[in-house]
Structures are given as C-alpha cells and as structure tokens.
$ cat data21.pdb   # PDB, C-alpha atoms and all ligand atoms
ATOM      1  CA  MET N   1     -12.425   5.482 -25.953  1.00  0.00           C
ATOM      2  CA  SER N   2     -10.229   3.205 -23.861  1.00  0.00           C
ATOM      3  CA  ASN N   3     -11.550   0.628 -21.463  1.00  0.00           C
ATOM      4  CA  ASN N   4      -8.659  -0.221 -19.189  1.00  0.00           C
ATOM      5  CA  ILE N   5      -9.064  -3.043 -16.727  1.00  0.00           C
ATOM      6  CA  LEU N   6      -7.891  -2.363 -13.185  1.00  0.00           C
ATOM      7  CA  LYS N   7      -6.441  -5.417 -11.474  1.00  0.00           C
ATOM      8  CA  HIS N   8      -3.693  -4.029  -9.284  1.00  0.00           C
ATOM      9  CA  LEU N   9      -4.135  -0.742  -7.459  1.00  0.00           C
ATOM     10  CA  ALA N  10      -1.388   0.802  -5.330  1.00  0.00           C
ATOM     11  CA  ILE N  11      -1.817   3.702  -2.939  1.00  0.00           C
ATOM     12  CA  ILE N  12       0.671   5.927  -1.125  1.00  0.00           C
ATOM     13  CA  MET N  13      -1.397   6.819   1.931  1.00  0.00           C
ATOM     14  CA  ASP N  14      -0.025  10.245   2.769  1.00  0.00           C
ATOM     15  CA  GLY N  15      -1.161  13.245   4.806  1.00  0.00           C
ATOM     16  CA  ASN N  16      -2.136  11.827   8.204  1.00  0.00           C
ATOM     17  CA  GLY N  17       0.080  14.275  10.073  1.00  0.00           C
ATOM     18  CA  ARG N  18      -1.209  17.311   8.190  1.00  0.00           C
ATOM     19  CA  TRP N  19      -4.808  16.179   8.707  1.00  0.00           C
ATOM     20  CA  ALA N  20      -4.217  16.177  12.477  1.00  0.00           C
ATOM     21  CA  LYS N  21      -2.312  19.453  12.436  1.00  0.00           C
ATOM     22  CA  GLU N  22      -5.146  21.206  10.597  1.00  0.00           C
ATOM     23  CA  ARG N  23      -7.383  20.252  13.505  1.00  0.00           C
ATOM     24  CA  GLY N  24      -4.935  21.210  16.228  1.00  0.00           C
ATOM     25  CA  LEU N  25      -4.451  17.533  17.119  1.00  0.00           C
ATOM     26  CA  ILE N  26      -1.246  15.553  17.621  1.00  0.00           C
ATOM     27  CA  ARG N  27      -0.005  13.704  14.541  1.00  0.00           C
ATOM     28  CA  THR N  28      -0.861  10.293  15.967  1.00  0.00           C
ATOM     29  CA  LYS N  29      -4.580  11.176  15.819  1.00  0.00           C
ATOM     30  CA  GLY N  30      -4.154  11.442  12.060  1.00  0.00           C
ATOM     31  CA  HIS N  31      -2.693   7.938  11.922  1.00  0.00           C
ATOM     32  CA  GLU N  32      -5.649   6.606  13.902  1.00  0.00           C
ATOM     33  CA  LYS N  33      -8.123   8.241  11.556  1.00  0.00           C
ATOM     34  CA  GLY N  34      -6.108   7.083   8.539  1.00  0.00           C
ATOM     35  CA  ALA N  35      -6.431   3.488   9.705  1.00  0.00           C
ATOM     36  CA  ASP N  36     -10.229   3.778   9.352  1.00  0.00           C
ATOM     37  CA  THR N  37      -9.800   4.903   5.751  1.00  0.00           C
ATOM     38  CA  ILE N  38      -7.896   1.677   5.021  1.00  0.00           C
ATOM     39  CA  ARG N  39     -10.972  -0.319   6.032  1.00  0.00           C
ATOM     40  CA  ASP N  40     -13.305   1.651   3.726  1.00  0.00           C
ATOM     41  CA  ILE N  41     -10.930   1.403   0.793  1.00  0.00           C
ATOM     42  CA  THR N  42     -10.394  -2.325   1.322  1.00  0.00           C
ATOM     43  CA  GLN N  43     -14.153  -2.865   1.291  1.00  0.00           C
ATOM     44  CA  TYR N  44     -14.417  -0.907  -1.953  1.00  0.00           C
ATOM     45  CA  CYS N  45     -11.652  -3.032  -3.503  1.00  0.00           C
ATOM     46  CA  ALA N  46     -13.208  -6.299  -2.298  1.00  0.00           C
ATOM     47  CA  GLU N  47     -16.528  -5.348  -3.881  1.00  0.00           C
ATOM     48  CA  HIS N  48     -14.969  -4.025  -7.102  1.00  0.00           C
ATOM     49  CA  GLU N  49     -15.406  -6.363 -10.054  1.00  0.00           C
ATOM     50  CA  THR N  50     -11.865  -6.364 -11.397  1.00  0.00           C
ATOM     51  CA  ILE N  51      -9.507  -5.339  -8.576  1.00  0.00           C
ATOM     52  CA  GLU N  52      -7.534  -8.379  -7.439  1.00  0.00           C
ATOM     53  CA  THR N  53      -4.828  -6.680  -5.409  1.00  0.00           C
ATOM     54  CA  VAL N  54      -4.472  -3.430  -3.502  1.00  0.00           C
ATOM     55  CA  THR N  55      -0.978  -2.553  -2.255  1.00  0.00           C
ATOM     56  CA  LEU N  56      -0.859   0.142   0.421  1.00  0.00           C
ATOM     57  CA  TYR N  57       2.283   1.986   1.524  1.00  0.00           C
ATOM     58  CA  ALA N  58       2.058   2.052   5.303  1.00  0.00           C
ATOM     59  CA  PHE N  59       5.664   2.397   6.543  1.00  0.00           C
ATOM     60  CA  SER N  60       8.785   3.072   4.500  1.00  0.00           C
ATOM     61  CA  THR N  61      12.394   2.178   5.292  1.00  0.00           C
ATOM     62  CA  GLU N  62      12.879   5.956   5.586  1.00  0.00           C
ATOM     63  CA  ASN N  63      10.104   6.390   8.154  1.00  0.00           C
ATOM     64  CA  TRP N  64      12.466   5.182  10.940  1.00  0.00           C
ATOM     65  CA  LYS N  65      13.886   8.709  10.778  1.00  0.00           C
ATOM     66  CA  ARG N  66      10.769  10.012  12.539  1.00  0.00           C
ATOM     67  CA  PRO N  67      10.782  10.724  16.284  1.00  0.00           C
ATOM     68  CA  LYS N  68      10.811   7.540  18.364  1.00  0.00           C
ATOM     69  CA  TYR N  69       7.472   8.471  19.897  1.00  0.00           C
ATOM     70  CA  GLU N  70       5.747   8.452  16.507  1.00  0.00           C
ATOM     71  CA  VAL N  71       7.463   5.270  15.302  1.00  0.00           C
ATOM     72  CA  ASP N  72       6.532   3.446  18.525  1.00  0.00           C
ATOM     73  CA  PHE N  73       2.970   4.670  18.195  1.00  0.00           C
ATOM     74  CA  LEU N  74       2.730   3.413  14.597  1.00  0.00           C
ATOM     75  CA  MET N  75       4.001  -0.031  15.638  1.00  0.00           C
ATOM     76  CA  ARG N  76       1.479  -0.295  18.464  1.00  0.00           C
ATOM     77  CA  LEU N  77      -1.311   0.982  16.233  1.00  0.00           C
ATOM     78  CA  LEU N  78      -0.501  -1.607  13.585  1.00  0.00           C
ATOM     79  CA  ASP N  79      -0.575  -4.446  16.122  1.00  0.00           C
ATOM     80  CA  ARG N  80      -3.858  -3.325  17.643  1.00  0.00           C
ATOM     81  CA  TRP N  81      -5.411  -2.515  14.297  1.00  0.00           C
ATOM     82  CA  LEU N  82      -4.567  -5.868  12.678  1.00  0.00           C
ATOM     83  CA  LYS N  83      -6.082  -7.825  15.561  1.00  0.00           C
ATOM     84  CA  GLN N  84      -9.192  -5.720  15.445  1.00  0.00           C
ATOM     85  CA  GLU N  85      -9.422  -5.902  11.629  1.00  0.00           C
ATOM     86  CA  LEU N  86      -9.448  -9.703  11.433  1.00  0.00           C
ATOM     87  CA  LYS N  87     -13.247  -9.682  11.432  1.00  0.00           C
ATOM     88  CA  THR N  88     -13.211  -7.099   8.636  1.00  0.00           C
ATOM     89  CA  TYR N  89     -10.897  -9.266   6.513  1.00  0.00           C
ATOM     90  CA  HIS N  90     -13.345 -12.135   7.028  1.00  0.00           C
ATOM     91  CA  ARG N  91     -16.368  -9.967   6.280  1.00  0.00           C
ATOM     92  CA  PHE N  92     -14.930  -8.640   3.030  1.00  0.00           C
ATOM     93  CA  GLY N  93     -13.240 -11.892   1.986  1.00  0.00           C
ATOM     94  CA  ALA N  94      -9.898 -10.103   1.961  1.00  0.00           C
ATOM     95  CA  LYS N  95      -6.537 -11.832   2.160  1.00  0.00           C
ATOM     96  CA  PHE N  96      -3.807 -10.014   4.081  1.00  0.00           C
ATOM     97  CA  GLU N  97      -0.207 -10.022   2.864  1.00  0.00           C
ATOM     98  CA  THR N  98       2.830  -7.824   3.411  1.00  0.00           C
ATOM     99  CA  VAL N  99       5.878  -6.702   1.534  1.00  0.00           C
ATOM    100  CA  GLY N 100       8.959  -5.264   3.216  1.00  0.00           C
ATOM    101  CA  ASN N 101      11.306  -6.293   6.002  1.00  0.00           C
ATOM    102  CA  ILE N 102       8.986  -7.253   8.791  1.00  0.00           C
ATOM    103  CA  GLU N 103      11.983  -8.912  10.501  1.00  0.00           C
ATOM    104  CA  GLY N 104      12.798  -5.333  11.488  1.00  0.00           C
ATOM    105  CA  PHE N 105       9.730  -5.291  13.771  1.00  0.00           C
ATOM    106  CA  SER N 106       9.321  -6.610  17.310  1.00  0.00           C
ATOM    107  CA  PRO N 107       8.736 -10.375  17.668  1.00  0.00           C
ATOM    108  CA  LYS N 108       5.260  -9.652  19.032  1.00  0.00           C
ATOM    109  CA  LEU N 109       4.257  -7.586  15.989  1.00  0.00           C
ATOM    110  CA  GLN N 110       5.773 -10.178  13.651  1.00  0.00           C
ATOM    111  CA  GLU N 111       3.663 -12.808  15.368  1.00  0.00           C
ATOM    112  CA  THR N 112       0.482 -10.773  14.905  1.00  0.00           C
ATOM    113  CA  ILE N 113       1.288 -10.238  11.222  1.00  0.00           C
ATOM    114  CA  ALA N 114       1.927 -13.959  10.676  1.00  0.00           C
ATOM    115  CA  SER N 115      -1.261 -14.902  12.462  1.00  0.00           C
ATOM    116  CA  ILE N 116      -3.498 -12.547  10.450  1.00  0.00           C
ATOM    117  CA  LYS N 117      -1.869 -13.760   7.227  1.00  0.00           C
ATOM    118  CA  ALA N 118      -2.515 -17.387   8.147  1.00  0.00           C
ATOM    119  CA  GLN N 119      -6.116 -16.753   9.140  1.00  0.00           C
ATOM    120  CA  THR N 120      -6.990 -14.856   5.943  1.00  0.00           C
ATOM    121  CA  ALA N 121      -4.978 -16.912   3.438  1.00  0.00           C
ATOM    122  CA  HIS N 122      -8.101 -18.619   2.046  1.00  0.00           C
ATOM    123  CA  HIS N 123      -9.927 -15.398   1.109  1.00  0.00           C
ATOM    124  CA  THR N 124     -10.273 -14.620  -2.591  1.00  0.00           C
ATOM    125  CA  ASN N 125     -12.238 -11.369  -3.093  1.00  0.00           C
ATOM    126  CA  VAL N 126      -9.159  -9.180  -2.865  1.00  0.00           C
ATOM    127  CA  THR N 127      -5.566  -9.360  -1.624  1.00  0.00           C
ATOM    128  CA  GLN N 128      -4.515  -6.434   0.510  1.00  0.00           C
ATOM    129  CA  ILE N 129      -0.728  -6.055   0.624  1.00  0.00           C
ATOM    130  CA  LEU N 130       0.572  -3.681   3.282  1.00  0.00           C
ATOM    131  CA  ALA N 131       4.043  -2.341   2.495  1.00  0.00           C
ATOM    132  CA  LEU N 132       5.731  -2.353   5.889  1.00  0.00           C
ATOM    133  CA  ASN N 133       9.333  -1.309   6.406  1.00  0.00           C
ATOM    134  CA  TYR N 134       9.420  -1.273   2.633  1.00  0.00           C
ATOM    135  CA  GLY N 135      11.968   0.383   0.358  1.00  0.00           C
ATOM    136  CA  SER N 136      12.045  -0.300  -3.353  1.00  0.00           C
ATOM    137  CA  ARG N 137      15.768   0.186  -3.916  1.00  0.00           C
ATOM    138  CA  GLU N 138      16.471  -2.278  -1.137  1.00  0.00           C
ATOM    139  CA  GLU N 139      13.973  -4.769  -2.572  1.00  0.00           C
ATOM    140  CA  ILE N 140      15.634  -4.600  -6.002  1.00  0.00           C
ATOM    141  CA  ALA N 141      19.208  -4.736  -4.655  1.00  0.00           C
ATOM    142  CA  LYS N 142      18.460  -7.743  -2.450  1.00  0.00           C
ATOM    143  CA  ALA N 143      16.743  -9.606  -5.279  1.00  0.00           C
ATOM    144  CA  ALA N 144      19.737  -9.012  -7.560  1.00  0.00           C
ATOM    145  CA  SER N 145      22.085 -10.130  -4.838  1.00  0.00           C
ATOM    146  CA  ARG N 146      20.177 -13.393  -4.289  1.00  0.00           C
ATOM    147  CA  LEU N 147      20.319 -14.171  -8.025  1.00  0.00           C
ATOM    148  CA  ALA N 148      24.043 -13.403  -8.127  1.00  0.00           C
ATOM    149  CA  LYS N 149      24.735 -15.630  -5.123  1.00  0.00           C
ATOM    150  CA  ARG N 150      22.944 -18.506  -6.828  1.00  0.00           C
ATOM    151  CA  GLY N 151      24.975 -17.847  -9.977  1.00  0.00           C
ATOM    152  CA  GLU N 152      21.843 -17.077 -11.983  1.00  0.00           C
ATOM    153  CA  GLU N 153      21.680 -14.670 -14.875  1.00  0.00           C
ATOM    154  CA  ILE N 154      20.108 -11.323 -14.125  1.00  0.00           C
ATOM    155  CA  THR N 155      17.410 -10.611 -16.688  1.00  0.00           C
ATOM    156  CA  GLU N 156      14.172  -8.617 -16.596  1.00  0.00           C
ATOM    157  CA  ASP N 157      12.261 -11.850 -16.071  1.00  0.00           C
ATOM    158  CA  SER N 158      14.530 -13.389 -13.450  1.00  0.00           C
ATOM    159  CA  LEU N 159      14.895 -10.176 -11.464  1.00  0.00           C
ATOM    160  CA  GLY N 160      11.203  -9.347 -11.794  1.00  0.00           C
ATOM    161  CA  SER N 161      10.164 -12.690 -10.382  1.00  0.00           C
ATOM    162  CA  GLU N 162      12.807 -12.601  -7.640  1.00  0.00           C
ATOM    163  CA  LEU N 163      11.318  -9.413  -6.174  1.00  0.00           C
ATOM    164  CA  ASN N 164       9.262  -9.708  -3.022  1.00  0.00           C
ATOM    165  CA  THR N 165       6.335  -8.324  -5.000  1.00  0.00           C
ATOM    166  CA  PRO N 166       6.751 -10.422  -8.129  1.00  0.00           C
ATOM    167  CA  TYR N 167       3.007 -10.567  -8.636  1.00  0.00           C
ATOM    168  CA  ARG N 168       1.529  -8.313 -11.109  1.00  0.00           C
ATOM    169  CA  ASP N 169       2.483  -4.997 -12.536  1.00  0.00           C
ATOM    170  CA  ILE N 170       0.587  -2.113 -11.019  1.00  0.00           C
ATOM    171  CA  ASP N 171      -2.130  -0.600 -13.185  1.00  0.00           C
ATOM    172  CA  LEU N 172      -2.895   2.516 -11.179  1.00  0.00           C
ATOM    173  CA  LEU N 173      -0.979   4.392  -8.481  1.00  0.00           C
ATOM    174  CA  VAL N 174      -2.748   6.950  -6.315  1.00  0.00           C
ATOM    175  CA  ARG N 175      -0.966   9.261  -3.891  1.00  0.00           C
ATOM    176  CA  THR N 176      -2.958  11.413  -1.506  1.00  0.00           C
ATOM    177  CA  SER N 177      -2.001  14.718   0.170  1.00  0.00           C
ATOM    178  CA  GLY N 178      -0.775  16.553  -2.918  1.00  0.00           C
ATOM    179  CA  GLU N 179       2.825  15.300  -2.849  1.00  0.00           C
ATOM    180  CA  GLN N 180       3.973  14.201  -6.279  1.00  0.00           C
ATOM    181  CA  ARG N 181       6.776  11.728  -5.715  1.00  0.00           C
ATOM    182  CA  LEU N 182       7.272   7.990  -5.246  1.00  0.00           C
ATOM    183  CA  SER N 183       9.191   8.087  -1.946  1.00  0.00           C
ATOM    184  CA  ASN N 184      10.961   4.801  -2.811  1.00  0.00           C
ATOM    185  CA  PHE N 185       7.763   2.854  -3.484  1.00  0.00           C
ATOM    186  CA  LEU N 186       7.672  -0.036  -6.007  1.00  0.00           C
ATOM    187  CA  LEU N 187       9.968   1.541  -8.602  1.00  0.00           C
ATOM    188  CA  TRP N 188      10.135  -1.602 -10.723  1.00  0.00           C
ATOM    189  CA  GLN N 189       6.444  -2.473 -10.534  1.00  0.00           C
ATOM    190  CA  LEU N 190       5.365   1.067 -11.432  1.00  0.00           C
ATOM    191  CA  SER N 191       7.293   1.194 -14.723  1.00  0.00           C
ATOM    192  CA  TYR N 192       4.147   1.489 -16.836  1.00  0.00           C
ATOM    193  CA  SER N 193       1.467   2.400 -14.317  1.00  0.00           C
ATOM    194  CA  GLU N 194      -0.948   5.282 -14.585  1.00  0.00           C
ATOM    195  CA  PHE N 195      -0.376   7.888 -11.843  1.00  0.00           C
ATOM    196  CA  PHE N 196      -2.976   9.929 -10.060  1.00  0.00           C
ATOM    197  CA  PHE N 197      -2.228  12.576  -7.433  1.00  0.00           C
ATOM    198  CA  THR N 198      -5.002  14.034  -5.287  1.00  0.00           C
ATOM    199  CA  PRO N 199      -4.704  16.874  -2.764  1.00  0.00           C
ATOM    200  CA  THR N 200      -7.071  15.049  -0.380  1.00  0.00           C
ATOM    201  CA  LEU N 201      -5.356  14.044   2.862  1.00  0.00           C
ATOM    202  CA  TRP N 202      -5.491  10.288   3.505  1.00  0.00           C
ATOM    203  CA  PRO N 203      -7.889  10.423   6.500  1.00  0.00           C
ATOM    204  CA  ASP N 204     -10.368  12.340   4.273  1.00  0.00           C
ATOM    205  CA  PHE N 205     -10.001  10.008   1.288  1.00  0.00           C
ATOM    206  CA  THR N 206     -13.185   8.074   0.475  1.00  0.00           C
ATOM    207  CA  PRO N 207     -14.302   5.172  -1.732  1.00  0.00           C
ATOM    208  CA  LYS N 208     -16.326   7.756  -3.661  1.00  0.00           C
ATOM    209  CA  GLU N 209     -13.192   9.700  -4.600  1.00  0.00           C
ATOM    210  CA  LEU N 210     -11.395   6.471  -5.475  1.00  0.00           C
ATOM    211  CA  ASP N 211     -14.306   5.543  -7.695  1.00  0.00           C
ATOM    212  CA  ARG N 212     -14.012   8.863  -9.557  1.00  0.00           C
ATOM    213  CA  ILE N 213     -10.259   8.317 -10.017  1.00  0.00           C
ATOM    214  CA  ILE N 214     -10.848   4.806 -11.356  1.00  0.00           C
ATOM    215  CA  HIS N 215     -13.315   6.140 -13.913  1.00  0.00           C
ATOM    216  CA  GLN N 216     -10.643   8.498 -15.181  1.00  0.00           C
ATOM    217  CA  TYR N 217      -8.139   5.643 -15.246  1.00  0.00           C
ATOM    218  CA  ILE N 218     -10.496   3.513 -17.336  1.00  0.00           C
ATOM    219  CA  ASN N 219     -10.599   6.204 -20.014  1.00  0.00           C
ATOM    220  CA  ARG N 220      -6.884   6.926 -20.167  1.00  0.00           C
ATOM    221  CA  ASP N 221      -4.991   5.916 -23.269  1.00  0.00           C
ATOM    222  CA  ARG N 222      -2.414   3.304 -22.199  1.00  0.00           C
ATOM    223  CA  ARG N 223      -0.119   2.762 -25.137  1.00  0.00           C
ATOM    224  CA  PHE N 224       2.834   0.875 -23.660  1.00  0.00           C
ATOM    225  CA  GLY N 225       5.058   2.330 -26.338  1.00  0.00           C
ATOM    226  CA  GLY N 226       2.819   1.261 -29.191  1.00  0.00           C
ATOM    227  CA  LEU N 227       0.527   3.395 -31.283  1.00  0.00           C
TER     228      LEU N 227
HETATM  229  C1  LIG T   1       1.356   9.005   6.018  1.00  0.00           C
HETATM  230  O1  LIG T   1       1.094  10.214   6.652  1.00  0.00           O
HETATM  231  C2  LIG T   1       1.543   7.868   6.995  1.00  0.00           C
HETATM  232  C3  LIG T   1       2.927   7.415   7.168  1.00  0.00           C
HETATM  233  C4  LIG T   1       3.948   7.789   6.454  1.00  0.00           C
HETATM  234  C5  LIG T   1       3.155   6.459   8.224  1.00  0.00           C
HETATM  235  P1  LIG T   1       2.262  11.160   7.160  1.00  0.00           P
HETATM  236  O2  LIG T   1       2.575  10.801   8.575  1.00  0.00           O
HETATM  237  O3  LIG T   1       3.402  11.129   6.238  1.00  0.00           O
HETATM  238  O4  LIG T   1       1.528  12.563   7.125  1.00  0.00           O
HETATM  239  P2  LIG T   1       2.173  13.944   6.665  1.00  0.00           P
HETATM  240  O5  LIG T   1       2.755  13.726   5.315  1.00  0.00           O
HETATM  241  O6  LIG T   1       3.204  14.304   7.691  1.00  0.00           O
HETATM  242  O7  LIG T   1       1.015  14.869   6.639  1.00  0.00           O
HETATM  243  C1  LIG T   2       5.631   7.854   2.114  1.00  0.00           C
HETATM  244  O1  LIG T   2       5.183   8.960   2.844  1.00  0.00           O
HETATM  245  C2  LIG T   2       5.563   6.627   2.946  1.00  0.00           C
HETATM  246  C3  LIG T   2       4.229   6.215   3.351  1.00  0.00           C
HETATM  247  C4  LIG T   2       3.097   6.730   2.968  1.00  0.00           C
HETATM  248  C5  LIG T   2       4.209   5.102   4.237  1.00  0.00           C
HETATM  249  P1  LIG T   2       6.199   9.941   3.554  1.00  0.00           P
HETATM  250  O2  LIG T   2       5.369  11.022   4.137  1.00  0.00           O
HETATM  251  O3  LIG T   2       7.078   9.187   4.475  1.00  0.00           O
HETATM  252  O4  LIG T   2       7.071  10.443   2.332  1.00  0.00           O
HETATM  253  P2  LIG T   2       7.897  11.787   2.115  1.00  0.00           P
HETATM  254  O5  LIG T   2       8.766  11.974   3.331  1.00  0.00           O
HETATM  255  O6  LIG T   2       6.901  12.897   1.980  1.00  0.00           O
HETATM  256  O7  LIG T   2       8.653  11.536   0.867  1.00  0.00           O
HETATM  257 MG    MG T   3       3.914  12.220   4.608  1.00  0.00          MG
END
$ encode --input "data21.pdb" --output "structure tokens"
Amino acid sequence: MSNNILKHLAIIMDGNGRWAKERGLIRTKGHEKGADTIRDITQYCAEHETIETVTLYAFSTENWKRPKYEVDFLMRLLDRWLKQELKTYHRFGAKFETVGNIEGFSPKLQETIASIKAQTAHHTNVTQILALNYGSREEIAKAASRLAKRGEEITEDSLGSELNTPYRDIDLLVRTSGEQRLSNFLLWQLSYSEFFFTPTLWPDFTPKELDRIIHQYINRDRRFGGL
C-alpha cells in the first residue's frame, strides 16, 4: 500500500457555464457560484496537514476568445472577489500569489492583485496560486527566451527554475466537469503528476469530494519510472 504525500495540488476549475445553463441561468451566474467554491477549497487546503500549495486555473490565455461581455464580467468579478476575500485569506492563513501575464489586465485590477499579494505575503498555512491569463506554452517559451538572451545554457534545471512557477512539481491534478484535457495548463510541472477527472461541475465541487479524491491519490502507486 502506497502512502503518497500531497504537497502541491492543482485544479482546473471547469464547468461554471454548464452549471448555470442546467439551471436556465446566464453563464456569469455560474462564475459567481464557482467563486464560492474557491473559498471552500482554499479552507480545506489551509487545514490539510500536508498541502503547501494549491494552484487554480482561473483564466487561460485562450479564454480571451470568449464574448467580450463574459470576459469583462470575469475581470470585474475577480476584482470584487479578491477585495472581499482578503478577510478569508487572513482567516485561513492563506498567502495569495498568481502565475500568468497579469500585465494583460487593467491597471486597476493589477493594483488589486498586487495589494492582496502584499497583504497576505506573511501567511504560511497554504499558498493559493491563481493562474490568471496563463498559458503553459507561453510560460515555457518565454523562460527559454530569457535564458537564451542571457547566454545561459538551457537544461532541465535551468529552464525549470526559470519558469514563473518554478516551485514544486505538482503531485495531483484535478479537473472538474468531465473534460479530460490540460487546456494548456502547467505542461512542464505536470510531467509526473497523478491525474483525476471528475464529472462534477466546479460550482458543485466540495471539500468532501476533494477529500475522497485525495484518499485515492494517497493509495496510488507512483513509480516515477522505477520498479
Ligand atoms: C470554467 O468554467 C471557468 C473559466 C474558464 C473562466 P467554464 O466557463 O469553462 O464553464 P463551461 O466549461 O463552459 O461549462
Ligand atoms: C480551462 O477551461 C481554463 C480554465 C479553467 C480557466 P476552458 O473551459 O477554457 O477549457 P476548454 O476550452 O474546455 O479546453
Ligand atoms: Mg470550460
């Protein structure tokens, strides 16, 4: 029986639109409900004994293709939500970080992001990384380009630590909503992760379901190429 430790959890939070559609609501209602799920999951992670980092895919570089109305709504929701969540970050002892090109956002939203990061930087129970305007191919290409410009050799170690998410390899990836693809998320960091796909739509996802998934993860046989 294995006993895998879970330090870094990553989640592709998918299915907000379908959750709303099933209820005859506009898609944005699903995003609002999905934001509440983030709070519950962050609390679970903060209270979990071994989880140090939870990385959540919130907006991809491909999501700009959506109708302007939805993109604008997501930007406003993020701004409002972060300001309102500050007390939650304090309550759970959670540190807020981001990965992705936040320079692509409005100056006002960038300011909010910077302010919440600064005010939660001292927390140590868990680090919540929101992937915002994130694309993995872009992250890898830009890291390689920076190394090349500095005339440095490109190796697994140098490229790995030049990434914007150099931290830690991901132990477990969960994607909600039944889709079974990566959608350009953390290709490098997921090289040896365990994957778990659940049909549950993100707004319906609960700490209880996450807990069940983690129990399965703990018992999986991670061999890393060995025997
Ligand atoms: C995930 O839910 C949230 C974002 C990508 C911002 P979706 O909006 O992708 O919901 P579905 O996949 O259309 O149901
Ligand atoms: C992936 O979900 C991105 C996020 C969850 C932020 P999408 O709904 O955008 O992905 P596809 O279009 O199904 O691949
Ligand atoms: Mg989707």
$ axis_aligned_box --input "data21.pdb" --around "ligand LIG 1 (chain T)" --padding-each-side "6 Å" --output "AutoDock Vina command-line options"
--center_x 2.5 --center_y 10.7 --center_z 6.9 --size_x 14.9 --size_y 20.4 --size_z 15.3
$ closest_residue --input "data21.pdb" --among "N:Arg220, N:Arg27, N:His90, N:His48" --to "ligand MG 3 (chain T)" --atoms "all atoms listed in the file"
N:Arg27
$ resolve_selection --input "data21.pdb" --expression "the PyMOL selection byres (((not hetatm)) within 9 of (chain T and resi 2))" --output "list in words"
Ile11, Ile12, Met13, Asp14, Gly15, Asn16, Gly17, Leu56, Tyr57, Ala58, Phe59, Ser60, Thr61, Glu62, Asn63, Arg66, Ala131, Leu132, Asn133, Tyr134, Arg175, Thr176, Glu179, Gln180, Arg181, Leu182, Ser183, Asn184 and Phe185 of chain N
$ closest_residue --input "data21.pdb" --among "N:Gln216, N:Ser177, N:Gln189, N:Gln43" --to "ligand LIG 1 (chain T)" --atoms "only C-alpha atoms and all ligand atoms"
N:Ser177
$ resolve_selection --input "data21.pdb" --expression "the PyMOL selection byres (((chain N and resi 214) around 10) and not hetatm)" --output "compact mmCIF listing (two decimals) with C-alpha atoms, in the frame of the given file"
# COMPACT_ATOMS: atom_id res chain seq x y z
CA ASN N 4 -8.66 -0.22 -19.19
CA ILE N 5 -9.06 -3.04 -16.73
CA LEU N 6 -7.89 -2.36 -13.18
CA LEU N 9 -4.14 -0.74 -7.46
CA LEU N 172 -2.90 2.52 -11.18
CA VAL N 174 -2.75 6.95 -6.32
CA PHE N 196 -2.98 9.93 -10.06
CA LYS N 208 -16.33 7.76 -3.66
CA GLU N 209 -13.19 9.70 -4.60
CA LEU N 210 -11.40 6.47 -5.48
CA ASP N 211 -14.31 5.54 -7.70
CA ARG N 212 -14.01 8.86 -9.56
CA ILE N 213 -10.26 8.32 -10.02
CA HIS N 215 -13.32 6.14 -13.91
CA GLN N 216 -10.64 8.50 -15.18
CA TYR N 217 -8.14 5.64 -15.25
CA ILE N 218 -10.50 3.51 -17.34
CA ASN N 219 -10.60 6.20 -20.01
CA ARG N 220 -6.88 6.93 -20.17
